[in-house]
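Read through the structure below, which is laid out as structure tokens, and then see the notes.
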Amino acid sequence: MLKASLWNRLKQWSQKDHRLLITSAGVTAAVIVLRLTSILQASEFAALDQLFHLRPPERIDDRIVIVEINEADLQQVGQWPIPDQVMAQLLQKLNSYQPRAIGLDIYRDLPVELGRAEFIKAFKTIPNLIGIEKFQDSMSPGVPPPPVSNQRKQVGFNNVVVDPDGKVRRSLLYWHIKGEDRKSFALQLASIYLKAQGITPQPAEINPNYLQLGQSVFRPFMSNDGGYVRANARGYQVLANFRRPGSFRTVSMVDVLTDRVPPSLMRSRIILIGSTAPSLQDFFYTPYSSSLIKEVQPISGVEVHASFVSQILSATLDGRPLIRVLGTPVEWLWIFAWTSLGASLIWKLRSPRRASFGLLLAGATLAGGCYLAFLAGWWVPLVPPLLGLVGSAAVVTSHLAHLKEELKRSKEFLQTVINNIPDPVFVKDKDHRWIILNQAYCKFIGYPLETLMEKSDYDILPKHEAEIFWNQDELVFQTGEPQENEAEFTDSFGTTHLISTKKSLHKDAAGNLFLVGVIRDITKSKRTEQELRQAAAELTRSNVELKLSEDRLRYLAYHDALTGLGNRKRFYECLSQTLDWARSNNNQLVALMFLDLDGFKQVNDTLGHDTGDQLLKVVAQRLIGSLRSSDVVSRLGGDEFTVIVPGIPQADYAATVAEKILESLSQVFVLEGHNVFVTVSIGISIFPHDGQGEELLIKNADMAMYRAKQLGRNQHQFSNSL
């Protein structure tokens, strides 16, 4: 029966909204085709860049310091490249500060005047010094590393992947050359830093081909990730989660050489040495290099590599998210969902103003969702679903215009037909509004035609009658089957008729649905039947009252009359049922709490029993407010209460609940103008640790409660068996 009902509902939905489904699927397919042809790639890149700009600023990563060679430094030295002697002095000076690692982001494959021996000595004596090389690519022939660094394996490649729009959005970690995996400059420096923390590169558990550092898995970039289409995914690339420009402490080369930099700034840091002088043109564009408001300058290559290093360290040590993307099937479902929403909004709202507002709200929600996802480390497509949202809305709008024209023609035809029928006849649209009425119907209801047109039953008839007619009509719309119903009908003069209405569904060439109803007045023939129904209703009402009385007696047998909580009998029944459930579910933990108010007798003695009763009622309310709906609160008698907390993850959870109760009941009680203060002592036993049966759990909880009182009250104690 359930399967048949579900199938019928699915069939009804398919018959009703199949055009929306076809429209959504067609527009989704078109958007996906555009996505796969890379037409939307540039706009997706632009959207991603804006997400970077909108992200809140992050703190400076003080694990990294950049030693820049700026225009002033070049003027001071007087030449470029920097002589080997000056470079050796800089490296030795930095090494004396005891940094974790030093990265030289300057090509030094050829000697530069005097000091070559000193430069070679620096590379041989500084174990944590990493030089750079550049592999040959389509843009340049490549640059070899310093010979001494290559011999000592103190080198990393600094190749940068540039997107078609000239921006860097990816970071290379490994490159496979001649059967060997070569590390990037950033990964070499980060590895040295992390090794001191006891973290080394490992194959990931989810895939041995993935790099794992600590708990972070660096999933490699694939050709169609995010907004990319058939991108070059050679090597081991990851999407770069850039920090804002200026996120690293920067000092100049001359400041280091002239001892104007405090050693503490460099100690235990990663130091990157590179040029920032505009004349050297070592700059790259990143997502932060443009915005909707102004054009932003590119950042230096050394800062790009600092960002790559920071991304590795922050993901490994701080849990800063790496940028993840949706899988292809999920992305297509994401586009289809927003495309369907656009079609549904136009179809449901119809009004141009409301539909436009709905689309704006949906677009804002989509953008906001993508932004929140980005803050959590997800690059969720924005442009394709937005295009699907607007595209499906445009298609449905065009379809509705066609339906409106066909509806006008159908109404003219039906009006001509029903005017010749003597019985009251009405025609409604799928919104339950009258669109065609004959003169017999207007005479029967007592209103002129112009008053009734485009109105619904709710606008003319009493509410209870209108609701009945609406439900009957909706059944015809849902099933498509003819129906005959009997109901009351009140005309404009206040006279109530009994009517029989035959209703059927019709569809025009454009697919517009009409409900056609023919009315017959059966008041006289149904009067006797109505009297019999009233007698039967009285009998039914009497039976209901008897049932309510029975339920009330049962309630009183199981509940405390003062507080409305379960009584002792109810408590034992609930505890037994809860323990049976826990045993059948792998001995789920259940906490049993015994509560006894501290100072209740004094309230009774000083303020009277009426105030004491009020206090017990409020205590019951606060207990209920402090617990889950699945927890059971009972009053055993006097000022003694129990709480059953089923399905707890661990025993400490019971302590958290007890602390919440203690805090709630320690607040002042305002009773009949008096400020009353009481506390509570709580004893806790845990199933199955403190016993398998009800009696033992109750005994242990009661003993723990008395121990709480002996230890000073206003506290909770667990059973001694914990």
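Here, A, B, ... name the chains of the structure tokens in the order displayed, residue numbers run from 1 inside each chain, and ligands are numbered from 1 in the same displayed order.
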
With a cut-off of 9 Å, could you pull out the residues of region 270-360 of chain A touching region 157-177 of chain A and give me the nearest pair of atoms for each, distance in Å to one decimal, using only C-alpha atoms, ordered by chain and ascending number, as a tab-separated table?
```
residue	atom	partner	partner_atom	distance
A:Phe284	CA	A:Lys167	CA	7.0
A:Tyr285	CA	A:Lys167	CA	4.6
A:Thr286	CA	A:Lys167	CA	4.9
A:Pro287	CA	A:Lys167	CA	6.9
A:Ser289	CA	A:Lys167	CA	8.2
A:Val304	CA	A:Val168	CA	8.7
A:His305	CA	A:Asn158	CA	7.9
A:Phe308	CA	A:Ser171	CA	6.6
```

Would you output that residue set with C-alpha atoms, as an mmCIF file, in the first residue's frame?
```cif
data_model
loop_
_atom_site.group_PDB
_atom_site.id
_atom_site.type_symbol
_atom_site.label_atom_id
_atom_site.label_comp_id
_atom_site.auth_asym_id
_atom_site.auth_seq_id
_atom_site.Cartn_x
_atom_site.Cartn_y
_atom_site.Cartn_z
ATOM 1 C CA PHE A 284 53.549 37.456 -10.950
ATOM 2 C CA TYR A 285 49.817 38.056 -11.009
ATOM 3 C CA THR A 286 47.678 36.183 -8.454
ATOM 4 C CA PRO A 287 43.975 36.249 -7.519
ATOM 5 C CA SER A 289 46.177 41.188 -8.476
ATOM 6 C CA VAL A 304 54.633 33.959 -4.325
ATOM 7 C CA HIS A 305 56.979 31.228 -3.093
ATOM 8 C CA PHE A 308 53.398 28.420 -1.280
#
```

So that I can check the surroundings of Pro145 (chain A), please list as a CSV table (one decimal) with N, CA and C atoms, in the first residue's frame every protein, DNA and RNA residue that reaches within 6 Å of it, counting only C-alpha atoms and ignoring chain neighbours fewer than 5 positions away.
```
chain,number,residue,atom,x,y,z
A,109,ASP,N,73.7,30.1,-11.0
A,109,ASP,CA,74.4,29.1,-11.8
A,109,ASP,C,75.7,29.5,-12.3
A,132,ILE,N,67.8,27.4,-6.0
A,132,ILE,CA,66.8,27.2,-7.0
A,132,ILE,C,67.3,26.8,-8.3
A,133,GLU,N,66.5,26.1,-9.1
A,133,GLU,CA,66.7,25.8,-10.5
A,133,GLU,C,65.4,26.0,-11.2
```

Closest pair table for region 612-643 of chain A residues within 6 Å of region 582-606 of chain A, only C-alpha atoms, as a tab-separated table:
```
residue	atom	partner	partner_atom	distance
A:Gly612	CA	A:Asn604	CA	5.2
A:Asp639	CA	A:Leu597	CA	5.7
A:Glu640	CA	A:Asp596	CA	4.7
A:Phe641	CA	A:Leu595	CA	5.0
A:Thr642	CA	A:Phe594	CA	4.7
A:Val643	CA	A:Met593	CA	5.0
```

Legend entry - Residue contacts of region 252-263 of chain A (8 Å, only C-alpha atoms) excluding same-chain residues fewer than 3 positions away, as an MDAnalysis selection string: chainID A and resid 67:70 73 76 89:90 93:94 97 266:267

Inset, instruction - Can you list, as an MDAnalysis selection string, all residues belonging to region 404-585 of chain A that DSSP tags as helix (DSSP H, G or I)? - result: chainID A and resid 404:418 439:445 449:452 457:460 463:479 523:558 568:584

Hey, what's within 8 Å of region 345-350 of chain A if we count only C-alpha atoms and toss same-chain stuff fewer than 4 positions away? As a PDB file with N, CA and C atoms, in the first residue's frame, please?
```pdb
ATOM      1  N   LEU A 341      15.697  25.470  -9.584  1.00  0.00           N
ATOM      2  CA  LEU A 341      15.160  26.533  -8.735  1.00  0.00           C
ATOM      3  C   LEU A 341      14.706  27.725  -9.573  1.00  0.00           C
ATOM      4  N   ARG A 354       7.532  39.837  -8.402  1.00  0.00           N
ATOM      5  CA  ARG A 354       7.879  38.831  -7.403  1.00  0.00           C
ATOM      6  C   ARG A 354       8.917  37.853  -7.945  1.00  0.00           C
ATOM      7  N   ALA A 355       8.772  37.492  -9.221  1.00  0.00           N
ATOM      8  CA  ALA A 355       9.736  36.566  -9.817  1.00  0.00           C
ATOM      9  C   ALA A 355      11.128  37.185  -9.883  1.00  0.00           C
ATOM     10  N   GLY A 358      12.542  37.161  -6.489  1.00  0.00           N
ATOM     11  CA  GLY A 358      12.934  35.800  -6.143  1.00  0.00           C
ATOM     12  C   GLY A 358      14.245  35.406  -6.790  1.00  0.00           C
ATOM     13  N   LEU A 359      14.425  35.783  -8.070  1.00  0.00           N
ATOM     14  CA  LEU A 359      15.675  35.457  -8.756  1.00  0.00           C
ATOM     15  C   LEU A 359      16.859  36.195  -8.125  1.00  0.00           C
ATOM     16  N   ALA A 393      14.976  30.414 -15.972  1.00  0.00           N
ATOM     17  CA  ALA A 393      13.936  31.416 -15.726  1.00  0.00           C
ATOM     18  C   ALA A 393      13.474  32.045 -17.038  1.00  0.00           C
ATOM     19  N   VAL A 396      11.260  29.453 -19.002  1.00  0.00           N
ATOM     20  CA  VAL A 396       9.923  29.296 -18.410  1.00  0.00           C
ATOM     21  C   VAL A 396       9.086  30.548 -18.622  1.00  0.00           C
ATOM     22  N   THR A 397       9.713  31.716 -18.562  1.00  0.00           N
ATOM     23  CA  THR A 397       8.976  32.956 -18.819  1.00  0.00           C
ATOM     24  C   THR A 397       8.390  32.964 -20.223  1.00  0.00           C
ATOM     25  N   LEU A 400       5.437  30.575 -20.292  1.00  0.00           N
ATOM     26  CA  LEU A 400       4.247  31.116 -19.636  1.00  0.00           C
ATOM     27  C   LEU A 400       3.525  32.113 -20.527  1.00  0.00           C
TER      28      LEU A 400
END
```

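Pairwise distance (CA of Ala701 (chain A), CA of His609 (chain A)) equals 27.9 Å.
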
Legend entry - Long-range neighbours of region 656-673 of chain A as a ChimeraX atom specification, 10 Å cut-off, only C-alpha atoms, 3 positions minimum in chain: /A:591,593,595,597,607,610-612,614-615,618-620,622-628,643,645,651-653,676-684,714-717

Could the residues in this selection be written to a file with C-alpha atoms, as a PDB file, in the first residue's frame?
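Once everything was written out, this is part10.pdb:
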```pdb
ATOM      1  CA  ALA A 591      22.689   7.725  32.991  1.00  0.00           C
ATOM      2  CA  MET A 593      20.343  10.671  38.248  1.00  0.00           C
ATOM      3  CA  LEU A 595      18.187  14.637  42.736  1.00  0.00           C
ATOM      4  CA  LEU A 597      16.764  19.677  46.846  1.00  0.00           C
ATOM      5  CA  LEU A 607       7.188  30.407  53.777  1.00  0.00           C
ATOM      6  CA  ASP A 610       1.874  26.639  49.287  1.00  0.00           C
ATOM      7  CA  THR A 611       5.152  28.353  48.491  1.00  0.00           C
ATOM      8  CA  GLY A 612       6.909  24.989  48.725  1.00  0.00           C
ATOM      9  CA  GLN A 614       5.108  26.507  43.847  1.00  0.00           C
ATOM     10  CA  LEU A 615       8.852  25.901  44.224  1.00  0.00           C
ATOM     11  CA  VAL A 618       9.153  25.697  38.986  1.00  0.00           C
ATOM     12  CA  VAL A 619      11.918  23.157  39.718  1.00  0.00           C
ATOM     13  CA  ALA A 620      10.099  20.678  37.466  1.00  0.00           C
ATOM     14  CA  ARG A 622      13.599  24.110  34.958  1.00  0.00           C
ATOM     15  CA  LEU A 623      14.544  20.445  34.900  1.00  0.00           C
ATOM     16  CA  ILE A 624      12.559  19.903  31.695  1.00  0.00           C
ATOM     17  CA  GLY A 625      14.172  22.991  30.157  1.00  0.00           C
ATOM     18  CA  SER A 626      17.663  21.698  30.981  1.00  0.00           C
ATOM     19  CA  LEU A 627      17.238  18.340  29.249  1.00  0.00           C
ATOM     20  CA  ARG A 628      16.666  16.793  25.837  1.00  0.00           C
ATOM     21  CA  VAL A 643      16.339  11.904  35.527  1.00  0.00           C
ATOM     22  CA  VAL A 645      19.365  10.151  30.219  1.00  0.00           C
ATOM     23  CA  ALA A 651      29.924   8.952  31.097  1.00  0.00           C
ATOM     24  CA  ASP A 652      31.310  12.508  31.065  1.00  0.00           C
ATOM     25  CA  TYR A 653      28.196  13.591  29.162  1.00  0.00           C
ATOM     26  CA  VAL A 676      14.039  31.856  47.270  1.00  0.00           C
ATOM     27  CA  PHE A 677      17.404  30.157  46.890  1.00  0.00           C
ATOM     28  CA  VAL A 678      17.829  26.405  46.891  1.00  0.00           C
ATOM     29  CA  THR A 679      20.413  24.059  45.472  1.00  0.00           C
ATOM     30  CA  VAL A 680      20.387  20.404  44.531  1.00  0.00           C
ATOM     31  CA  SER A 681      22.519  17.366  45.252  1.00  0.00           C
ATOM     32  CA  ILE A 682      22.797  14.861  42.419  1.00  0.00           C
ATOM     33  CA  GLY A 683      23.854  11.229  42.440  1.00  0.00           C
ATOM     34  CA  ILE A 684      24.657   9.502  39.142  1.00  0.00           C
ATOM     35  CA  ASN A 714      25.116  21.740  45.447  1.00  0.00           C
ATOM     36  CA  GLN A 715      27.193  19.239  43.481  1.00  0.00           C
ATOM     37  CA  HIS A 716      27.008  15.931  41.648  1.00  0.00           C
ATOM     38  CA  GLN A 717      28.741  12.673  42.452  1.00  0.00           C
TER      39      GLN A 717
END
```
